[in-house]
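Undergrad: The structure is given below, and queries will be raised subsequently.
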Amino acid sequence: MSGVRRTYRDGETILLQGAPATSVRVLVSGRVEVGCQDEDGAYCLVALRGTGDVVGELAAQNLGTRSATVTALEPCVAHTVPAATFHGVLARHGVDAQLRRYLAGKLQESVGAAVDTVHHPPRQRLARLIVRLVELADPGHPDPLRVPMSQTRLALALGLSRSSVARLVSAMRADGLLGKDRRLRVERPGELRDLARQSARLTPRM
């Protein structure tokens with residue numbers, strides 16, 4: 001793997017919105033959150049990414065500025081690859097088409113997250129976010145069902161109040177979907193996934 005390998009702490013910023021986009025990050029392990037702030041400071045969750053994903057490549061295409069901040073949700077390892085090197089490797093190996101498909105899939109996921117925010121009830125939105133976090137856990141993770149986000153962070157990601165998320169978490173614990181320990185952990189992944197899919201059926205086709 002080309003580039004410089006680095007380990008990031010839980011909560012550490014990997015890429016910063018507004019910074020020059022001169023490189024990309026290739027995630028070797030760990031989960032990250034991609035989000036942005038508008039001019040008024042309001043936060044919006046753009047996507048969640050995990051092992052094998054590339055982050056920062058959209059802005060790096062034109063060497064502009066970062067459109068979002070990428071934050072480690074747990075200890076992460078990533079390779080920093082200069083944009084010119086990254087695109088040179090793609091060109092040499094003839095995988096530009098695969099990159100375009102990958103970027104299209106990421107854009108579709110981001111649009112889906114925006115649809116969730118507008119059209120689906122908070123309970124289903126929270127369930128879908130937790131399910132996605134669990135799905136992104138590394139193979140061999142010591143506790144893949146633990147949620148690597150606090151209730152405060154979940155509230156920020158969903159655009160809800162901390163008290164609203166606390167009530168939703170309390171209800172999910174009462175239903176046995178989440179464990180009752182201080183740190184969030186999924187106890188019934190199948191049932192939680194069913195709850196998440198209820199909102200997925202409501203997503204309009206594009």
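Residue numbering restarts at 1 in every chain; chains get A, B, ... in the order shown in the structure tokens, and ligands count up from 1 in that same order.
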When you look at stretch 119-136 of chain A with a cut-off of 10 Å (counting only C-alpha atoms), what residues show up, excluding the ones that are within fewer than 6 positions of it in the same chain? I need them as a PyMOL selection string.
TA: chain A and resi 30-33+47-51+73+113+143-149+154-155+157-160+164-165+167-169+171-172+177+184-186+189-200+202-204
Undergrad: List the neighbours of A:Glu12 out to 8 Å using only C-alpha atoms; skip same-chain residues closer than 2 positions along the sequence, and give me the result as a VMD selection string.
TA: chain A and resid 8 to 10 14 71 to 72
Undergrad: Grab the residues selected above and save them as a PDB file, in the first residue's frame with C-alpha atoms.
TA:
```
ATOM      1  CA  TYR A   8      -5.916   7.667  14.836  1.00  0.00           C
ATOM      2  CA  ARG A   9      -7.382   7.781  18.332  1.00  0.00           C
ATOM      3  CA  ASP A  10     -11.081   7.457  19.113  1.00  0.00           C
ATOM      4  CA  ILE A  14      -8.843  12.492  10.235  1.00  0.00           C
ATOM      5  CA  THR A  71     -13.778  11.649  12.592  1.00  0.00           C
ATOM      6  CA  ALA A  72     -12.588   8.330  14.034  1.00  0.00           C
TER       7      ALA A  72
END
```
Undergrad: Quick one: of A:Arg188, A:Arg66, A:Lys180, A:Arg153, who's nearest to A:Gly18, counting only C-alpha atoms?
TA: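 Using only C-alpha atoms, the shortest distance to A:Gly18 belongs to A:Arg66.
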Undergrad: With distances taken over only C-alpha atoms, which of A:Val26, A:Val34, A:Cys76, A:Ala68 is nearest to A:Asp53?
TA: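 Result for the nearest residue to A:Asp53: A:Val26.
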Undergrad: In Å to one decimal, how far is atom CA of A:Thr65 from atom CA of A:Ala21?
TA: 4.9 Å
Undergrad: Grab the atom CA of A:Thr22 to atom CA of A:Leu58 distance for me, in Å with one decimal place.
TA: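 It comes out at 10.9 Å.
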Undergrad: So, counting only C-alpha atoms, which residue among A:Ala78, A:Val4, A:Cys36, A:Ala83 is closest to A:Pro20?
TA: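 Comparing A:Ala78, A:Val4, A:Cys36, A:Ala83 against A:Pro20, the winner is A:Ala83.
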Undergrad: Taking only C-alpha atoms into account, name the residue in A:Pro142, A:Gly3, A:Gly52, A:Gly176 that is nearest to A:His79.
TA: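 Among the listed residues, the smallest separation from A:His79 belongs to A:Gly3.
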Undergrad: Quick one, how far is atom CA of A:Val55 from atom CA of A:Ser23?
TA: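 Going from atom CA of A:Val55 over to atom CA of A:Ser23 covers 9.4 Å.
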Undergrad: Determine which residues of stretch 13-64 of chain A DSSP labels as helix (DSSP H, G or I) from the backbone of this structure, then write them out as a PDB file with N, CA and C atoms, in the first residue's frame.
TA:
```
ATOM      1  N   GLU A  57     -11.705  11.494  -1.287  1.00  0.00           N
ATOM      2  CA  GLU A  57     -11.374  11.421  -2.709  1.00  0.00           C
ATOM      3  C   GLU A  57     -12.217  12.362  -3.570  1.00  0.00           C
ATOM      4  N   LEU A  58     -13.401  12.737  -3.091  1.00  0.00           N
ATOM      5  CA  LEU A  58     -14.247  13.617  -3.896  1.00  0.00           C
ATOM      6  C   LEU A  58     -13.597  14.986  -4.075  1.00  0.00           C
ATOM      7  N   ALA A  59     -13.207  15.609  -2.961  1.00  0.00           N
ATOM      8  CA  ALA A  59     -12.559  16.919  -3.055  1.00  0.00           C
ATOM      9  C   ALA A  59     -11.197  16.811  -3.719  1.00  0.00           C
ATOM     10  N   ALA A  60     -10.516  15.688  -3.504  1.00  0.00           N
ATOM     11  CA  ALA A  60      -9.174  15.530  -4.061  1.00  0.00           C
ATOM     12  C   ALA A  60      -9.184  15.411  -5.580  1.00  0.00           C
TER      13      ALA A  60
END
```
